[in-house]
Amino acid sequence: MRKSARRGAAGRSPGIRKADVLPSPNIWYYPKAYEVENRAQDVGGEIWRVLAEEAPWAGRDVLDVGCGDGFHLPRFAETARSVLGVEPHAPLLRRAAERVAEVPNAGVAAGSAQRLPVPDASVDVVHARTAYFFGPGCGPGLREADRVLRPGGRLAIVDLDVSSEPYGRWMREDLPDYDPPEVEKFFTAQGFRCRRVATEWRFGDTAAMAAVLRIEFSPRVAEIAIADVLRMNPATSAGVTMPVGYRVHVRERPAGIVLGRHSVSSAEASSASSISPRMA
């Protein structure tokens with residue numbers, strides 16, 4: 001889960017405001033282990049199936065907010081018209097650029113959820129996976145997503161389901177102030193529908209599983225999680241698996257769009273660029 005309560009400026013891309021950046025203590029500092037995690041996640045493709053139903057991207061323009069090192073960009077690019085990954089952390093942005101260097105309809109740009117570096121009404125799908133949108137407090141990013149979406153476009157937020165066992169229990173141990181019902185109320189009030197998705201993570205061996213859990217949780221909780229997963233998996237050569245639940249929150253861009261403190265209609269959005277938040 002790319003989430004941290006700590007604010008910091010280390011590794012920001014030029015032009016990104018300090019207040020816009022929340023460091024991700026896993027992928028920022030352990031990108032190789034996070035690559036293992038990405039490859040282990042959702043081996044059955046359930047999240048992709050739900051996204052295709054709720055926010056179809058084939059033939060459309062996609063914006064991936066907080067794309068990290070670009071892991072999901074090639075998958076979108078297989079059928080999308082174009083894909084742009086936005087990431088504030090310069091080292092990850094470079095890795096993402098390398099990942100899509102040979103993908104003609106994919107690119108990356110420096111930016112944050114609060115200041116997306118694209119014009120008004122220019123994309124059809126805004127996707128964010130375990131990045132930035134964690135409930136109350138993410139209003140600026142929601143308004144910015146509405147700004148860049150075309151009429152009828154979809155914002156899809158994929159987050160871990162903290163009520164799902166056992167991963168949710170480990171998360172609650174590390175995030176005692178995180179209130180899952182309050183987060184659900186927030187997204188419902190903002191007009192999102194929610195689909196819960198049961199997935200399976202699969203690792204090649206115990207060492208890979210342990211390395212990933214140690215970048216996701218505090219040392220104490222990581223050891224509890226590792227022990228739980230080992231109990232779930234009798235000795236086998238088929239790898240190590242564990243269930244992990246997600247939530248997929250989706251809404252269409254509303255008829256009225258919020259730009260800063262101003263609310264304008266869809267027809268007026270194209271003339272309101274002077275007050276739209278922008279990347280420098």
# chains A, B, ... in the order shown; residues from 1 in each chain; ligands from 1
call {"tool": "select_by_dssp", "arguments": {"residues": "segment 27-97 of chain A", "states": "strand (DSSP E or B)", "output": "CSV table (one decimal) with all heavy atoms, in the first residue's frame"}}
result
chain,number,residue,atom,x,y,z
A,61,ASP,N,-8.5,7.6,-24.0
A,61,ASP,CA,-7.3,8.2,-23.4
A,61,ASP,C,-7.3,8.0,-21.9
A,61,ASP,O,-8.3,8.4,-21.2
A,61,ASP,CB,-7.2,9.7,-23.7
A,61,ASP,CG,-7.2,9.9,-25.2
A,61,ASP,OD1,-6.3,9.3,-25.9
A,61,ASP,OD2,-8.0,10.7,-25.8
A,62,VAL,N,-6.2,7.5,-21.3
A,62,VAL,CA,-6.1,7.1,-19.9
A,62,VAL,C,-5.0,7.9,-19.2
A,62,VAL,O,-3.9,8.1,-19.8
A,62,VAL,CB,-5.8,5.6,-19.8
A,62,VAL,CG1,-5.6,5.2,-18.3
A,62,VAL,CG2,-6.9,4.7,-20.5
A,63,LEU,N,-5.3,8.3,-18.0
A,63,LEU,CA,-4.4,9.0,-17.2
A,63,LEU,C,-4.2,8.2,-15.9
A,63,LEU,O,-5.2,7.9,-15.2
A,63,LEU,CB,-4.8,10.4,-16.8
A,63,LEU,CG,-3.9,11.3,-16.0
A,63,LEU,CD1,-2.7,11.7,-16.8
A,63,LEU,CD2,-4.6,12.5,-15.5
A,64,ASP,N,-3.0,7.7,-15.6
A,64,ASP,CA,-2.7,6.9,-14.4
A,64,ASP,C,-2.0,7.8,-13.4
A,64,ASP,O,-0.9,8.2,-13.6
A,64,ASP,CB,-1.8,5.7,-14.8
A,64,ASP,CG,-1.7,4.7,-13.7
A,64,ASP,OD1,-2.4,4.9,-12.6
A,64,ASP,OD2,-0.8,3.8,-13.8
A,65,VAL,N,-2.7,8.2,-12.3
A,65,VAL,CA,-2.3,9.1,-11.3
A,65,VAL,C,-1.4,8.3,-10.3
A,65,VAL,O,-1.9,7.3,-9.7
A,65,VAL,CB,-3.4,9.8,-10.6
A,65,VAL,CG1,-2.9,10.8,-9.5
A,65,VAL,CG2,-4.2,10.6,-11.7
A,82,SER,N,-4.4,6.2,-25.9
A,82,SER,CA,-3.1,6.8,-25.3
A,82,SER,C,-3.2,6.6,-23.8
A,82,SER,O,-4.2,6.4,-23.2
A,82,SER,CB,-3.0,8.3,-25.6
A,82,SER,OG,-4.0,9.0,-24.9
A,83,VAL,N,-2.0,6.5,-23.2
A,83,VAL,CA,-1.8,6.3,-21.8
A,83,VAL,C,-0.8,7.3,-21.3
A,83,VAL,O,0.3,7.3,-21.8
A,83,VAL,CB,-1.5,4.9,-21.4
A,83,VAL,CG1,-1.4,4.8,-19.8
A,83,VAL,CG2,-2.4,3.9,-21.9
A,84,LEU,N,-1.1,8.1,-20.2
A,84,LEU,CA,-0.1,8.9,-19.6
A,84,LEU,C,0.0,8.6,-18.1
A,84,LEU,O,-1.0,8.6,-17.4
A,84,LEU,CB,-0.4,10.4,-19.8
A,84,LEU,CG,0.6,11.4,-19.2
A,84,LEU,CD1,1.9,11.4,-19.9
A,84,LEU,CD2,0.0,12.8,-19.2
A,85,GLY,N,1.2,8.3,-17.7
A,85,GLY,CA,1.4,8.1,-16.2
A,85,GLY,C,2.0,9.4,-15.6
A,85,GLY,O,2.9,10.0,-16.1
A,86,VAL,N,1.4,9.8,-14.5
A,86,VAL,CA,1.8,11.0,-13.8
A,86,VAL,C,2.4,10.5,-12.4
A,86,VAL,O,1.8,9.7,-11.7
A,86,VAL,CB,0.6,11.9,-13.6
A,86,VAL,CG1,1.1,13.1,-12.7
A,86,VAL,CG2,0.2,12.4,-14.9
A,87,GLU,N,3.6,11.0,-12.1
A,87,GLU,CA,4.3,10.6,-10.9
A,87,GLU,C,5.1,11.8,-10.3
A,87,GLU,O,5.8,12.4,-11.1
A,87,GLU,CB,5.2,9.4,-11.2
A,87,GLU,CG,6.1,9.0,-10.1
A,87,GLU,CD,5.5,8.6,-8.8
A,87,GLU,OE1,4.4,7.9,-8.9
A,87,GLU,OE2,6.0,9.0,-7.8
A,89,HIS,N,7.6,11.5,-8.0
A,89,HIS,CA,9.0,11.1,-7.5
A,89,HIS,C,9.9,10.9,-8.7
A,89,HIS,O,9.7,9.9,-9.4
A,89,HIS,CB,8.8,9.9,-6.6
A,89,HIS,CG,10.1,9.5,-5.9
A,89,HIS,ND1,10.8,10.4,-5.1
A,89,HIS,CD2,10.7,8.3,-5.7
A,89,HIS,CE1,11.8,9.8,-4.6
A,89,HIS,NE2,11.8,8.5,-4.9
call {"tool": "residues_around", "arguments": {"residues": "Leu116 of chain A", "least_positions_apart": "2", "cutoff": "12 Å", "atoms": "only C-alpha atoms", "output": "PyMOL selection string"}}
result
chain A and resi 15-16+20+63-66+84-88+108-114+118-123+126+140-149+276-280
call {"tool": "select_by_dssp", "arguments": {"residues": "segment 16-244 of chain A", "states": "helix (DSSP H, G or I)", "output": "ChimeraX atom specification"}}
result
/A:18-20,31-40,46-54,73-77,90-99,139-148,167-174,180-189,206-216,219-232
call {"tool": "closest_residue", "arguments": {"among": "A:Pro166, A:Pro254, A:Gly204, A:Gly107", "to": "Met232 of chain A", "atoms": "only C-alpha atoms"}}
result
A:Pro166
call {"tool": "closest_residue", "arguments": {"among": "A:Trp170, A:Tyr34, A:Phe186, A:Tyr132", "to": "Ala208 of chain A", "atoms": "only C-alpha atoms"}}
result
A:Tyr34
call {"tool": "closest_residue", "arguments": {"among": "A:Met209, A:Ile157, A:Val221, A:Val197", "to": "Glu173 of chain A", "atoms": "only C-alpha atoms"}}
result
A:Val221
call {"tool": "residues_around", "arguments": {"residues": "Asn105 of chain A", "least_positions_apart": "3", "cutoff": "10 Å", "atoms": "only C-alpha atoms", "output": "PDB file with C-alpha atoms, in the first residue's frame"}}
result
ATOM      1  CA  ASP A  61      -7.276   8.211 -23.388  1.00  0.00           C
ATOM      2  CA  LEU A  73       0.960   1.510 -18.107  1.00  0.00           C
ATOM      3  CA  PRO A  74       1.753  -1.233 -20.678  1.00  0.00           C
ATOM      4  CA  PHE A  76      -3.580  -0.065 -20.414  1.00  0.00           C
ATOM      5  CA  ALA A  77      -1.617   0.681 -23.595  1.00  0.00           C
ATOM      6  CA  GLU A  78      -2.523  -2.698 -25.123  1.00  0.00           C
ATOM      7  CA  THR A  79      -5.969  -1.365 -26.067  1.00  0.00           C
ATOM      8  CA  ALA A  80      -6.103   2.320 -25.081  1.00  0.00           C
ATOM      9  CA  ARG A  81      -5.690   5.121 -27.600  1.00  0.00           C
ATOM     10  CA  SER A  82      -3.148   6.764 -25.294  1.00  0.00           C
ATOM     11  CA  VAL A  83      -1.843   6.350 -21.759  1.00  0.00           C
ATOM     12  CA  LEU A  84      -0.069   8.934 -19.618  1.00  0.00           C
ATOM     13  CA  VAL A 100       7.321   2.450 -21.711  1.00  0.00           C
ATOM     14  CA  ALA A 101      10.188   3.626 -23.929  1.00  0.00           C
ATOM     15  CA  GLU A 102       9.152   1.181 -26.659  1.00  0.00           C
TER      16      GLU A 102
END
call {"tool": "closest_residue", "arguments": {"among": "A:His127, A:Arg49, A:Arg196, A:Arg150", "to": "Arg247 of chain A", "atoms": "only C-alpha atoms"}}
result
A:Arg196
call {"tool": "closest_residue", "arguments": {"among": "A:Glu46, A:Asp124, A:Glu35, A:Glu184", "to": "Glu252 of chain A", "atoms": "only C-alpha atoms"}}
result
A:Asp124
call {"tool": "residues_around", "arguments": {"residues": "Glu216 of chain A", "least_positions_apart": "2", "cutoff": "12 Å", "atoms": "only C-alpha atoms", "output": "PyMOL selection string"}}
result
chain A and resi 1-4+24-30+33-34+37+167+170-171+174-175+209-214+218-223+225-226
call {"tool": "write_last_selection", "arguments": {"atoms": "N, CA and C atoms", "output": "compact mmCIF listing (two decimals), in the first residue's frame"}}
result
# COMPACT_ATOMS: atom_id res chain seq x y z
N MET A 1 0.85 -1.19 0.00
CA MET A 1 0.00 0.00 0.00
C MET A 1 0.88 1.23 0.00
N ARG A 2 0.81 2.05 -1.05
CA ARG A 2 1.69 3.20 -1.13
C ARG A 2 1.08 4.34 -0.34
N LYS A 3 1.32 4.35 0.97
CA LYS A 3 0.69 5.34 1.84
C LYS A 3 1.63 5.68 2.97
N SER A 4 1.69 6.96 3.33
CA SER A 4 2.50 7.37 4.46
C SER A 4 1.92 8.61 5.07
N SER A 24 6.09 7.56 -0.36
CA SER A 24 5.64 6.18 -0.27
C SER A 24 6.78 5.34 0.27
N PRO A 25 6.69 4.90 1.52
CA PRO A 25 7.85 4.25 2.14
C PRO A 25 8.20 2.89 1.56
N ASN A 26 7.33 2.33 0.70
CA ASN A 26 7.67 1.05 0.09
C ASN A 26 8.32 1.25 -1.29
N ILE A 27 7.56 1.73 -2.27
CA ILE A 27 8.10 1.82 -3.63
C ILE A 27 9.19 2.89 -3.76
N TRP A 28 9.13 3.96 -2.99
CA TRP A 28 10.18 4.98 -3.09
C TRP A 28 11.55 4.42 -2.72
N TYR A 29 11.58 3.61 -1.66
CA TYR A 29 12.85 3.19 -1.09
C TYR A 29 13.20 1.73 -1.41
N TYR A 30 12.23 0.95 -1.85
CA TYR A 30 12.48 -0.46 -2.17
C TYR A 30 11.83 -0.82 -3.51
N ALA A 33 11.86 -4.63 -4.58
CA ALA A 33 10.90 -5.46 -3.85
C ALA A 33 9.48 -5.13 -4.28
N TYR A 34 9.22 -3.86 -4.58
CA TYR A 34 7.88 -3.48 -5.00
C TYR A 34 7.55 -4.05 -6.39
N GLU A 37 6.32 -7.35 -5.70
CA GLU A 37 4.95 -7.25 -5.21
C GLU A 37 3.97 -7.04 -6.35
N TYR A 167 -5.28 -9.54 5.14
CA TYR A 167 -4.45 -8.38 4.86
C TYR A 167 -4.98 -7.14 5.56
N TRP A 170 -3.87 -6.94 9.17
CA TRP A 170 -2.49 -6.47 9.32
C TRP A 170 -2.42 -4.95 9.13
N MET A 171 -3.17 -4.45 8.16
CA MET A 171 -3.19 -3.00 7.93
C MET A 171 -3.77 -2.27 9.14
N ASP A 174 -1.30 -1.69 11.83
CA ASP A 174 -0.33 -0.63 11.55
C ASP A 174 -0.96 0.75 11.42
N LEU A 175 -2.26 0.80 11.13
CA LEU A 175 -2.95 2.08 10.92
C LEU A 175 -4.15 2.18 11.85
N MET A 209 7.87 -13.53 -0.64
CA MET A 209 6.72 -13.13 0.15
C MET A 209 7.15 -12.32 1.36
N ALA A 210 8.16 -12.81 2.08
CA ALA A 210 8.62 -12.13 3.28
C ALA A 210 9.20 -10.76 2.96
N ALA A 211 9.94 -10.65 1.87
CA ALA A 211 10.55 -9.37 1.48
C ALA A 211 9.47 -8.33 1.20
N VAL A 212 8.39 -8.74 0.55
CA VAL A 212 7.31 -7.81 0.24
C VAL A 212 6.57 -7.38 1.50
N LEU A 213 6.24 -8.31 2.36
CA LEU A 213 5.51 -7.94 3.58
C LEU A 213 6.35 -7.04 4.48
N ARG A 214 7.66 -7.18 4.41
CA ARG A 214 8.53 -6.34 5.25
C ARG A 214 8.63 -4.90 4.74
N SER A 218 5.13 -2.50 9.47
CA SER A 218 6.15 -2.30 10.49
C SER A 218 6.80 -3.65 10.80
N PRO A 219 8.00 -3.65 11.37
CA PRO A 219 8.67 -4.93 11.65
C PRO A 219 7.82 -5.89 12.46
N ARG A 220 7.14 -5.41 13.49
CA ARG A 220 6.33 -6.29 14.33
C ARG A 220 5.19 -6.92 13.53
N VAL A 221 4.44 -6.09 12.81
CA VAL A 221 3.29 -6.59 12.06
C VAL A 221 3.75 -7.45 10.88
N ALA A 222 4.86 -7.10 10.26
CA ALA A 222 5.36 -7.91 9.14
C ALA A 222 5.64 -9.34 9.59
N GLU A 223 6.24 -9.50 10.76
CA GLU A 223 6.55 -10.86 11.23
C GLU A 223 5.27 -11.64 11.54
N ALA A 225 2.43 -11.15 9.95
CA ALA A 225 1.87 -11.46 8.64
C ALA A 225 2.60 -12.63 7.98
N ILE A 226 3.91 -12.61 8.05
CA ILE A 226 4.70 -13.71 7.46
C ILE A 226 4.32 -15.04 8.10
call {"tool": "closest_residue", "arguments": {"among": "A:Glu200, A:Asp205, A:Glu182, A:Glu98", "to": "Pro136 of chain A", "atoms": "only C-alpha atoms"}}
result
A:Glu182
call {"tool": "atom_distance", "arguments": {"atom1": "atom CA of Val229 of chain A", "atom2": "atom CA of Thr241 of chain A"}}
result
7.6 Å
call {"tool": "residues_around", "arguments": {"residues": "Asp69 of chain A", "least_positions_apart": "6", "cutoff": "7 Å", "atoms": "only C-alpha atoms", "output": "list in words"}}
result
Leu92, Leu93, Arg95 and Ala96 of chain A
call {"tool": "atom_distance", "arguments": {"atom1": "atom CA of Gly68 of chain A", "atom2": "atom CA of Pro23 of chain A"}}
result
11.2 Å
call {"tool": "atom_distance", "arguments": {"atom1": "atom CA of Gly153 of chain A", "atom2": "atom CA of Gly191 of chain A"}}
result
13.8 Å
call {"tool": "decode", "arguments": {"residues": "segment 174-202 of chain A", "atoms": "N, CA, C and O atoms", "output": "tab-separated table (two decimals), in the first residue's frame"}}
result
chain	number	residue	atom	x	y	z
A	174	ASP	N	-1.30	-1.69	11.83
A	174	ASP	CA	-0.33	-0.63	11.55
A	174	ASP	C	-0.96	0.75	11.42
A	174	ASP	O	-0.27	1.77	11.54
A	175	LEU	N	-2.26	0.80	11.13
A	175	LEU	CA	-2.95	2.08	10.92
A	175	LEU	C	-4.15	2.18	11.85
A	175	LEU	O	-5.31	2.18	11.41
A	176	PRO	N	-3.92	2.28	13.16
A	176	PRO	CA	-5.04	2.26	14.12
A	176	PRO	C	-6.00	3.43	13.95
A	176	PRO	O	-7.16	3.34	14.38
A	177	ASP	N	-5.56	4.53	13.35
A	177	ASP	CA	-6.43	5.69	13.17
A	177	ASP	C	-7.21	5.65	11.86
A	177	ASP	O	-8.05	6.52	11.62
A	178	TYR	N	-6.92	4.65	11.03
A	178	TYR	CA	-7.64	4.54	9.76
A	178	TYR	C	-9.02	3.96	10.03
A	178	TYR	O	-9.15	2.90	10.66
A	179	ASP	N	-10.05	4.66	9.58
A	179	ASP	CA	-11.44	4.30	9.88
A	179	ASP	C	-12.13	3.83	8.59
A	179	ASP	O	-12.63	4.66	7.82
A	180	PRO	N	-12.18	2.53	8.32
A	180	PRO	CA	-12.77	2.04	7.07
A	180	PRO	C	-14.21	2.51	6.83
A	180	PRO	O	-14.53	2.95	5.72
A	181	PRO	N	-15.12	2.46	7.84
A	181	PRO	CA	-16.48	2.95	7.58
A	181	PRO	C	-16.52	4.42	7.20
A	181	PRO	O	-17.31	4.84	6.35
A	182	GLU	N	-15.66	5.23	7.83
A	182	GLU	CA	-15.63	6.66	7.51
A	182	GLU	C	-15.16	6.88	6.07
A	182	GLU	O	-15.68	7.76	5.37
A	183	VAL	N	-14.18	6.10	5.64
A	183	VAL	CA	-13.71	6.20	4.26
A	183	VAL	C	-14.83	5.83	3.29
A	183	VAL	O	-15.04	6.50	2.27
A	184	GLU	N	-15.55	4.76	3.61
A	184	GLU	CA	-16.66	4.35	2.75
A	184	GLU	C	-17.72	5.45	2.67
A	184	GLU	O	-18.25	5.75	1.59
A	185	LYS	N	-18.06	6.05	3.82
A	185	LYS	CA	-19.05	7.13	3.83
A	185	LYS	C	-18.59	8.30	2.97
A	185	LYS	O	-19.38	8.91	2.25
A	186	PHE	N	-17.29	8.61	3.04
A	186	PHE	CA	-16.75	9.72	2.27
A	186	PHE	C	-16.94	9.48	0.77
A	186	PHE	O	-17.46	10.34	0.05
A	187	PHE	N	-16.54	8.31	0.30
A	187	PHE	CA	-16.63	8.05	-1.14
A	187	PHE	C	-18.09	7.96	-1.59
A	187	PHE	O	-18.44	8.43	-2.68
A	188	THR	N	-18.97	7.41	-0.76
A	188	THR	CA	-20.39	7.36	-1.10
A	188	THR	C	-20.95	8.77	-1.23
A	188	THR	O	-21.69	9.09	-2.18
A	189	ALA	N	-20.58	9.65	-0.28
A	189	ALA	CA	-21.06	11.03	-0.31
A	189	ALA	C	-20.54	11.77	-1.53
A	189	ALA	O	-21.18	12.72	-2.01
A	190	GLN	N	-19.38	11.34	-2.06
A	190	GLN	CA	-18.80	11.98	-3.24
A	190	GLN	C	-19.35	11.41	-4.55
A	190	GLN	O	-18.90	11.78	-5.63
A	191	GLY	N	-20.31	10.49	-4.44
A	191	GLY	CA	-20.96	9.97	-5.64
A	191	GLY	C	-20.32	8.74	-6.24
A	191	GLY	O	-20.62	8.39	-7.39
A	192	PHE	N	-19.46	8.05	-5.50
A	192	PHE	CA	-18.81	6.85	-6.00
A	192	PHE	C	-19.65	5.62	-5.71
A	192	PHE	O	-20.31	5.52	-4.68
A	193	ARG	N	-19.59	4.68	-6.62
A	193	ARG	CA	-20.07	3.33	-6.33
A	193	ARG	C	-18.85	2.48	-6.00
A	193	ARG	O	-17.74	2.76	-6.47
A	194	CYS	N	-19.05	1.45	-5.21
A	194	CYS	CA	-17.91	0.64	-4.75
A	194	CYS	C	-18.16	-0.83	-5.08
A	194	CYS	O	-19.25	-1.35	-4.84
A	195	ARG	N	-17.12	-1.46	-5.63
A	195	ARG	CA	-17.15	-2.90	-5.82
A	195	ARG	C	-15.98	-3.51	-5.07
A	195	ARG	O	-14.83	-3.09	-5.24
A	196	ARG	N	-16.28	-4.47	-4.24
A	196	ARG	CA	-15.23	-5.19	-3.53
A	196	ARG	C	-14.73	-6.34	-4.41
A	196	ARG	O	-15.52	-7.02	-5.06
A	197	VAL	N	-13.41	-6.52	-4.41
A	197	VAL	CA	-12.79	-7.49	-5.31
A	197	VAL	C	-11.89	-8.40	-4.49
A	197	VAL	O	-10.97	-7.94	-3.80
A	198	ALA	N	-12.15	-9.70	-4.56
A	198	ALA	CA	-11.30	-10.68	-3.89
A	198	ALA	C	-10.22	-11.13	-4.87
A	198	ALA	O	-10.52	-11.56	-5.99
A	199	THR	N	-8.96	-11.01	-4.45
A	199	THR	CA	-7.85	-11.39	-5.32
A	199	THR	C	-6.93	-12.36	-4.60
A	199	THR	O	-7.02	-12.57	-3.39
A	200	GLU	N	-6.02	-12.92	-5.38
A	200	GLU	CA	-4.98	-13.78	-4.82
A	200	GLU	C	-3.61	-13.24	-5.22
A	200	GLU	O	-3.39	-12.90	-6.38
A	201	TRP	N	-2.74	-13.12	-4.24
A	201	TRP	CA	-1.33	-12.81	-4.51
A	201	TRP	C	-0.57	-14.13	-4.52
A	201	TRP	O	-0.80	-15.00	-3.69
A	202	ARG	N	0.39	-14.24	-5.46
A	202	ARG	CA	1.18	-15.48	-5.55
A	202	ARG	C	2.66	-15.14	-5.72
A	202	ARG	O	3.03	-14.37	-6.61
